[in-house]
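Asks: What follows is entry_4.txt, made up of compact mmCIF, C-alpha atoms:
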# COMPACT_ATOMS: atom_id res chain seq x y z
CA ASN E 1 0.40 1.08 -20.70
CA ALA E 2 -2.51 0.62 -18.28
CA GLY E 3 -0.58 -0.93 -15.35
CA VAL E 4 -3.09 -2.34 -12.84
CA THR E 5 -6.76 -2.10 -13.81
CA GLN E 6 -9.58 -2.65 -11.31
CA THR E 7 -13.28 -3.07 -12.01
CA PRO E 8 -15.73 -1.83 -10.97
CA LYS E 9 -14.67 1.57 -9.62
CA PHE E 10 -17.75 1.93 -7.38
CA GLN E 11 -20.31 -0.52 -6.06
CA VAL E 12 -23.14 -0.51 -3.54
CA LEU E 13 -24.32 -3.84 -2.13
CA LYS E 14 -26.92 -4.96 0.37
CA THR E 15 -25.92 -7.08 3.33
CA GLY E 16 -25.73 -10.74 2.32
CA GLN E 17 -25.16 -10.12 -1.38
CA SER E 18 -22.10 -11.54 -3.12
CA MET E 19 -19.69 -9.78 -5.41
CA THR E 20 -16.40 -10.32 -7.25
CA LEU E 21 -13.87 -7.55 -7.67
CA GLN E 22 -11.68 -7.90 -10.75
CA CYS E 23 -8.02 -6.98 -11.19
CA ALA E 24 -5.72 -7.28 -14.18
CA GLN E 25 -2.11 -6.21 -14.70
CA ASP E 26 -0.17 -5.84 -17.93
CA MET E 27 3.37 -5.61 -16.49
CA ASN E 28 4.08 -9.36 -16.65
CA HIS E 29 4.39 -9.40 -12.86
CA ASN E 30 4.49 -12.68 -10.99
CA SER E 31 2.93 -11.51 -7.73
CA MET E 32 -0.43 -9.90 -7.04
CA TYR E 33 -2.14 -8.57 -3.92
CA TRP E 34 -5.46 -7.39 -2.53
CA TYR E 35 -5.61 -4.70 0.17
CA ARG E 36 -8.38 -2.82 1.92
CA GLN E 37 -8.01 0.80 3.03
CA ASP E 38 -10.03 2.17 5.92
CA PRO E 39 -9.78 5.67 7.44
CA GLY E 40 -6.98 5.94 9.98
CA MET E 41 -5.81 2.35 9.43
CA GLY E 42 -3.59 2.50 6.39
CA LEU E 43 -3.72 -0.39 3.96
CA ARG E 44 -4.12 -3.95 5.18
CA LEU E 45 -3.30 -7.04 3.15
CA ILE E 46 -6.25 -9.38 2.55
CA TYR E 47 -4.71 -12.05 0.29
CA TYR E 48 -1.75 -12.35 -2.01
CA SER E 49 -0.57 -14.57 -4.82
CA ALA E 50 3.19 -14.96 -4.95
CA SER E 51 2.99 -16.63 -8.37
CA GLU E 52 0.43 -18.07 -10.75
CA GLY E 53 -1.27 -21.04 -9.12
CA THR E 54 -0.64 -19.98 -5.50
CA THR E 55 -2.61 -17.87 -3.03
CA ASP E 56 -2.03 -17.12 0.65
CA LYS E 57 -3.76 -15.28 3.45
CA GLY E 58 -2.71 -11.82 4.54
CA GLU E 59 -3.55 -9.88 7.66
CA VAL E 60 -7.37 -9.70 7.26
CA PRO E 61 -8.62 -12.65 5.12
CA ASN E 62 -11.87 -13.47 6.92
CA GLY E 63 -14.97 -13.05 4.74
CA TYR E 64 -13.01 -13.06 1.47
CA ASN E 65 -11.86 -15.53 -1.16
CA VAL E 66 -9.49 -15.05 -4.07
CA SER E 67 -8.73 -16.66 -7.40
CA ARG E 68 -5.55 -16.25 -9.44
CA LEU E 69 -7.17 -16.85 -12.81
CA ASN E 70 -3.92 -16.60 -14.80
CA LYS E 71 -0.72 -14.57 -14.60
CA ARG E 72 -2.55 -11.32 -15.43
CA GLU E 73 -5.72 -11.63 -13.35
CA PHE E 74 -6.47 -11.88 -9.64
CA SER E 75 -10.04 -11.61 -8.35
CA LEU E 76 -11.44 -11.00 -4.86
CA ARG E 77 -14.83 -12.42 -3.87
CA LEU E 78 -17.15 -11.45 -1.06
CA GLU E 79 -19.52 -14.39 -0.60
CA SER E 80 -21.93 -12.74 1.86
CA ALA E 81 -21.21 -9.04 2.20
CA ALA E 82 -21.31 -7.40 5.64
CA PRO E 83 -21.35 -3.67 6.54
CA SER E 84 -17.88 -4.12 8.10
CA GLN E 85 -16.56 -4.80 4.60
CA THR E 86 -17.40 -1.28 3.47
CA SER E 87 -14.00 -0.02 2.35
CA VAL E 88 -11.81 0.94 -0.57
CA TYR E 89 -10.17 -2.12 -2.10
CA PHE E 90 -6.85 -1.92 -3.90
CA CYS E 91 -5.18 -4.47 -6.11
CA ALA E 92 -1.41 -4.37 -6.60
CA SER E 93 1.27 -6.31 -8.44
CA SER E 94 5.03 -6.73 -8.23
CA SER E 95 7.71 -8.73 -9.98
CA THR E 96 8.42 -10.66 -6.77
CA ALA E 97 8.83 -10.12 -3.02
CA ASN E 98 10.73 -7.10 -1.69
CA GLN E 99 10.13 -5.14 -4.87
CA PRO E 100 7.91 -2.12 -5.58
CA GLN E 101 4.23 -2.88 -5.65
CA HIS E 102 2.17 -1.08 -8.31
CA PHE E 103 -1.39 -0.23 -7.30
CA GLY E 104 -4.63 0.22 -9.19
CA ASP E 105 -6.97 3.14 -8.46
CA GLY E 106 -9.27 1.12 -6.24
CA THR E 107 -12.85 -0.06 -5.94
CA ARG E 108 -15.03 1.90 -3.54
CA LEU E 109 -17.46 -0.57 -2.00
CA SER E 110 -20.38 0.33 0.26
CA ILE E 111 -22.46 -2.33 1.97
CA LEU E 112 -25.79 -1.26 3.38
CA GLN T 1 5.80 -6.75 16.64
CA GLN T 2 4.34 -6.50 13.15
CA GLN T 3 3.31 -2.87 13.50
CA VAL T 4 4.79 0.11 11.75
CA LYS T 5 4.11 3.31 13.67
CA GLN T 6 3.93 6.49 11.59
CA SER T 7 3.92 10.09 12.76
CA PRO T 8 2.66 12.75 12.55
CA GLN T 9 -0.90 12.03 11.49
CA SER T 10 -1.07 15.36 9.68
CA LEU T 11 1.44 18.01 8.72
CA ILE T 12 1.20 21.57 7.39
CA VAL T 13 4.29 23.08 5.78
CA GLN T 14 4.93 26.35 4.00
CA LYS T 15 5.98 26.26 0.35
CA GLY T 16 9.75 25.82 0.15
CA GLY T 17 9.98 24.23 3.60
CA ILE T 18 11.08 20.75 4.61
CA SER T 19 8.48 18.09 5.35
CA ILE T 20 9.57 15.26 7.66
CA ILE T 21 7.57 12.09 8.29
CA ASN T 22 8.78 9.40 10.68
CA CYS T 23 8.18 5.66 10.98
CA ALA T 24 9.27 3.16 13.62
CA TYR T 25 9.15 -0.63 13.64
CA GLU T 26 9.87 -3.51 16.01
CA ASN T 27 10.41 -6.50 13.72
CA THR T 28 14.12 -6.78 12.94
CA ALA T 29 13.31 -9.21 10.10
CA PHE T 30 11.94 -6.37 7.97
CA ASP T 31 14.13 -6.06 4.88
CA TYR T 32 12.49 -3.55 2.53
CA PHE T 33 11.12 -0.12 3.38
CA PRO T 34 9.12 1.72 0.69
CA TRP T 35 7.32 5.05 0.88
CA TYR T 36 4.12 5.65 -1.05
CA GLN T 37 2.31 8.84 -2.06
CA GLN T 38 -1.46 8.83 -2.49
CA PHE T 39 -3.68 11.52 -3.99
CA PRO T 40 -7.45 11.55 -3.33
CA GLY T 41 -9.30 9.01 -5.44
CA LYS T 42 -6.09 7.34 -6.60
CA GLY T 43 -4.06 4.33 -5.61
CA PRO T 44 -0.76 4.65 -3.74
CA ALA T 45 2.27 5.26 -5.95
CA LEU T 46 5.82 4.33 -5.01
CA LEU T 47 7.91 7.36 -4.14
CA ILE T 48 11.21 5.91 -2.95
CA ALA T 49 12.40 2.75 -1.18
CA ILE T 50 15.40 1.68 0.89
CA ARG T 51 16.96 -1.55 2.13
CA PRO T 52 18.65 -1.83 5.55
CA ASP T 53 22.18 -2.02 4.20
CA VAL T 54 22.22 1.74 3.46
CA SER T 55 21.56 4.66 5.81
CA GLU T 56 20.28 7.18 3.27
CA LYS T 57 18.81 7.29 -0.20
CA LYS T 58 18.01 10.41 -2.19
CA GLU T 59 15.89 10.82 -5.30
CA GLY T 60 15.38 14.41 -6.36
CA ARG T 61 13.71 16.31 -3.51
CA PHE T 62 12.89 13.10 -1.61
CA THR T 63 15.30 11.48 0.87
CA ILE T 64 14.89 8.42 3.09
CA SER T 65 17.02 8.31 6.24
CA PHE T 66 17.32 4.88 7.84
CA ASN T 67 18.55 4.14 11.37
CA LYS T 68 18.84 0.38 11.77
CA SER T 69 19.87 0.42 15.44
CA ALA T 70 16.94 2.66 16.40
CA LYS T 71 14.57 0.78 14.09
CA GLN T 72 13.39 4.04 12.58
CA PHE T 73 13.21 5.51 9.10
CA SER T 74 12.02 8.85 7.85
CA LEU T 75 11.03 10.66 4.68
CA HIS T 76 12.31 14.18 4.04
CA ILE T 77 10.74 16.29 1.32
CA MET T 78 12.98 19.25 0.53
CA ASP T 79 11.62 22.47 -1.01
CA SER T 80 8.05 21.27 -0.45
CA GLN T 81 5.54 22.35 -3.12
CA PRO T 82 1.74 22.63 -3.11
CA GLY T 83 1.71 19.71 -5.58
CA ASP T 84 3.24 17.54 -2.84
CA SER T 85 0.00 17.84 -0.84
CA ALA T 86 -1.08 14.22 -0.49
CA THR T 87 -1.16 11.35 2.00
CA TYR T 88 2.13 9.54 2.55
CA PHE T 89 2.48 5.97 3.77
CA CYS T 90 5.57 4.17 4.97
CA ALA T 91 5.69 0.39 4.77
CA ALA T 92 7.95 -2.49 5.74
CA GLU T 93 8.30 -6.00 4.37
CA GLY T 94 10.17 -9.02 5.70
CA ALA T 95 12.59 -10.80 3.37
CA GLY T 96 10.65 -12.97 0.93
CA THR T 97 7.33 -12.59 2.78
CA TYR T 98 5.28 -10.69 0.15
CA LYS T 99 3.56 -8.93 3.08
CA TYR T 100 3.80 -5.16 3.26
CA ILE T 101 2.93 -3.74 6.67
CA PHE T 102 1.78 -0.15 6.18
CA GLY T 103 1.88 2.77 8.57
CA THR T 104 -1.39 4.61 9.17
CA GLY T 105 -0.49 7.52 6.87
CA THR T 106 0.41 11.22 7.12
CA ARG T 107 -1.74 13.83 5.45
CA LEU T 108 0.58 16.58 4.18
CA LYS T 109 -0.65 20.01 3.18
CA VAL T 110 1.82 22.45 1.63
CA LEU T 111 0.64 26.06 1.74
CA ALA T 112 1.30 28.26 -1.27
Please express the file's structure as structure tokens.

Replies:
Amino acid sequence: NAGVTQTPKFQVLKTGQSMTLQCAQDMNHNSMYWYRQDPGMGLRLIYYSASEGTTDKGEVPNGYNVSRLNKREFSLRLESAAPSQTSVYFCASSSTANQPQHFGDGTRLSIL
Amino acid sequence: QQQVKQSPQSLIVQKGGISIINCAYENTAFDYFPWYQQFPGKGPALLIAIRPDVSEKKEGRFTISFNKSAKQFSLHIMDSQPGDSATYFCAAEGAGTYKYIFGTGTRLKVLA
């Protein structure tokens, strides 16, 4: 049982390049999330999808877009990467609100 | 009002001792309070969670104490072990919001 799978695990981009981070879950969860983790700042919610077909902004959505492709998959896109987007990105899923969120092992993204 | 303040930033405990991490919040609409454990290079994993209708929850060596009137909650790790050395995050979520607000994390080191 893989849980939440993120690809790629590492990526280096140049400023202005675009990239899509992929996330898939096999727990039949309705809700999915994207977070970024920066030193000393904990995890901050970028976007979430409460259910298939819906997406909403979190705390730090600027510079990102998301797509809930189907119930299993939720992708995060950086259209024009900036050095400030250097971070570790985590995808998570849960059955619904106010339930445990299950996290993937992250994508470490560096933007030069 | 959306912040969750976590302390201490780092903690060193002897093997067999008690580790205590504290979190405080302002938003009285928060309805779910999970704690996560994160090892280097891995995603956060749920440790234990509590809802505001109970004052304490225990799972093995891990206990959450919740003080609704003080708007504080804490994690106690009894008989701390070197394997508990990790970063711990508290979080809070409003009812039906899908938005976890994380604390900034506590790096715990348990000395053998």

Asks: Compute the chain T side of the contact with chain E at 8 Å, counting only C-alpha atoms, and hand it back as an NGL selection string.

Replies: :T and (31-32 or 34 or 41-46 or 49 or 89 or 93-105)

Asks: In Å, with one decimal, what is the gap from atom CA of E:Leu109 to atom CA of E:Gln11?

Replies: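 Result for atom CA of E:Leu109 versus atom CA of E:Gln11: 5.0 Å, one decimal.
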
Asks: Nearest to T:Phe66: which of T:Asn27, T:Asp53, T:Pro40, T:Gln6 is it, counting all atoms listed in the file?

Replies: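 Answer, going by the shortest atom-to-atom distance: T:Asp53.
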
Asks: For stretch 63-75 of chain E, find every residue with an atom within 9 Å (counting only C-alpha atoms), except residues of its own chain fewer than 3 positions away, and show them as a PyMOL selection string.

Replies: chain E and resi 20-34+46-49+51-55+60+78-82+85+91

Asks: Mind filling out stretch 90-101 of chain E with all heavy atoms and sending it as a short mmCIF file (atom, residue, chain, number, x, y, z; two decimals), keeping the file's coordinate frame?

Replies:
data_model
loop_
_atom_site.label_atom_id
_atom_site.label_comp_id
_atom_site.auth_asym_id
_atom_site.auth_seq_id
_atom_site.Cartn_x
_atom_site.Cartn_y
_atom_site.Cartn_z
N PHE E 90 -7.91 -2.14 -2.94
CA PHE E 90 -6.85 -1.92 -3.90
C PHE E 90 -6.21 -3.24 -4.29
O PHE E 90 -5.91 -4.08 -3.42
CB PHE E 90 -5.78 -0.99 -3.33
CG PHE E 90 -6.20 0.44 -3.22
CD1 PHE E 90 -6.64 0.95 -2.02
CD2 PHE E 90 -6.18 1.27 -4.34
CE1 PHE E 90 -7.04 2.28 -1.92
CE2 PHE E 90 -6.58 2.59 -4.24
CZ PHE E 90 -7.02 3.10 -3.03
N CYS E 91 -5.96 -3.37 -5.58
CA CYS E 91 -5.18 -4.47 -6.11
C CYS E 91 -3.79 -3.94 -6.44
O CYS E 91 -3.64 -2.76 -6.83
CB CYS E 91 -5.85 -5.02 -7.36
SG CYS E 91 -4.96 -6.35 -8.17
N ALA E 92 -2.78 -4.77 -6.28
CA ALA E 92 -1.41 -4.37 -6.60
C ALA E 92 -0.68 -5.55 -7.22
O ALA E 92 -1.12 -6.70 -7.09
CB ALA E 92 -0.68 -3.89 -5.34
N SER E 93 0.43 -5.24 -7.89
CA SER E 93 1.27 -6.31 -8.44
C SER E 93 2.73 -5.93 -8.29
O SER E 93 3.08 -4.75 -8.17
CB SER E 93 0.93 -6.56 -9.91
OG SER E 93 1.34 -5.47 -10.72
N SER E 94 3.59 -6.95 -8.28
CA SER E 94 5.03 -6.73 -8.23
C SER E 94 5.72 -7.88 -8.95
O SER E 94 5.13 -8.95 -9.15
CB SER E 94 5.53 -6.64 -6.78
OG SER E 94 5.44 -7.89 -6.13
N SER E 95 6.99 -7.67 -9.28
CA SER E 95 7.71 -8.73 -9.98
C SER E 95 7.93 -9.93 -9.05
O SER E 95 7.81 -11.10 -9.45
CB SER E 95 9.05 -8.20 -10.49
OG SER E 95 9.79 -7.63 -9.42
N THR E 96 8.25 -9.63 -7.78
CA THR E 96 8.42 -10.66 -6.77
C THR E 96 8.40 -10.00 -5.40
O THR E 96 8.03 -8.83 -5.30
CB THR E 96 9.73 -11.45 -7.01
OG1 THR E 96 9.82 -12.55 -6.09
CG2 THR E 96 10.95 -10.56 -6.84
N ALA E 97 8.79 -10.71 -4.36
CA ALA E 97 8.83 -10.12 -3.02
C ALA E 97 9.92 -9.05 -2.94
O ALA E 97 10.89 -9.05 -3.70
CB ALA E 97 9.09 -11.19 -1.98
N ASN E 98 9.75 -8.14 -1.98
CA ASN E 98 10.73 -7.10 -1.69
C ASN E 98 11.06 -6.25 -2.91
O ASN E 98 12.20 -5.83 -3.11
CB ASN E 98 12.02 -7.69 -1.11
CG ASN E 98 11.74 -8.54 0.11
OD1 ASN E 98 12.09 -9.73 0.14
ND2 ASN E 98 11.10 -7.99 1.11
N GLN E 99 10.04 -6.00 -3.70
CA GLN E 99 10.13 -5.14 -4.87
C GLN E 99 8.96 -4.16 -4.83
O GLN E 99 7.97 -4.40 -4.12
CB GLN E 99 10.08 -5.96 -6.16
CG GLN E 99 11.30 -6.85 -6.36
CD GLN E 99 12.58 -6.04 -6.53
OE1 GLN E 99 12.59 -4.99 -7.17
NE2 GLN E 99 13.66 -6.52 -5.94
N PRO E 100 9.04 -3.07 -5.59
CA PRO E 100 7.91 -2.12 -5.58
C PRO E 100 6.61 -2.77 -6.00
O PRO E 100 6.58 -3.56 -6.95
CB PRO E 100 8.36 -1.08 -6.61
CG PRO E 100 9.84 -1.18 -6.65
CD PRO E 100 10.16 -2.61 -6.41
N GLN E 101 5.56 -2.45 -5.27
CA GLN E 101 4.23 -2.88 -5.65
C GLN E 101 3.54 -1.73 -6.38
O GLN E 101 3.61 -0.58 -5.95
CB GLN E 101 3.43 -3.31 -4.43
CG GLN E 101 3.97 -4.58 -3.79
CD GLN E 101 3.12 -5.08 -2.64
OE1 GLN E 101 1.98 -4.65 -2.44
NE2 GLN E 101 3.67 -6.00 -1.86
#
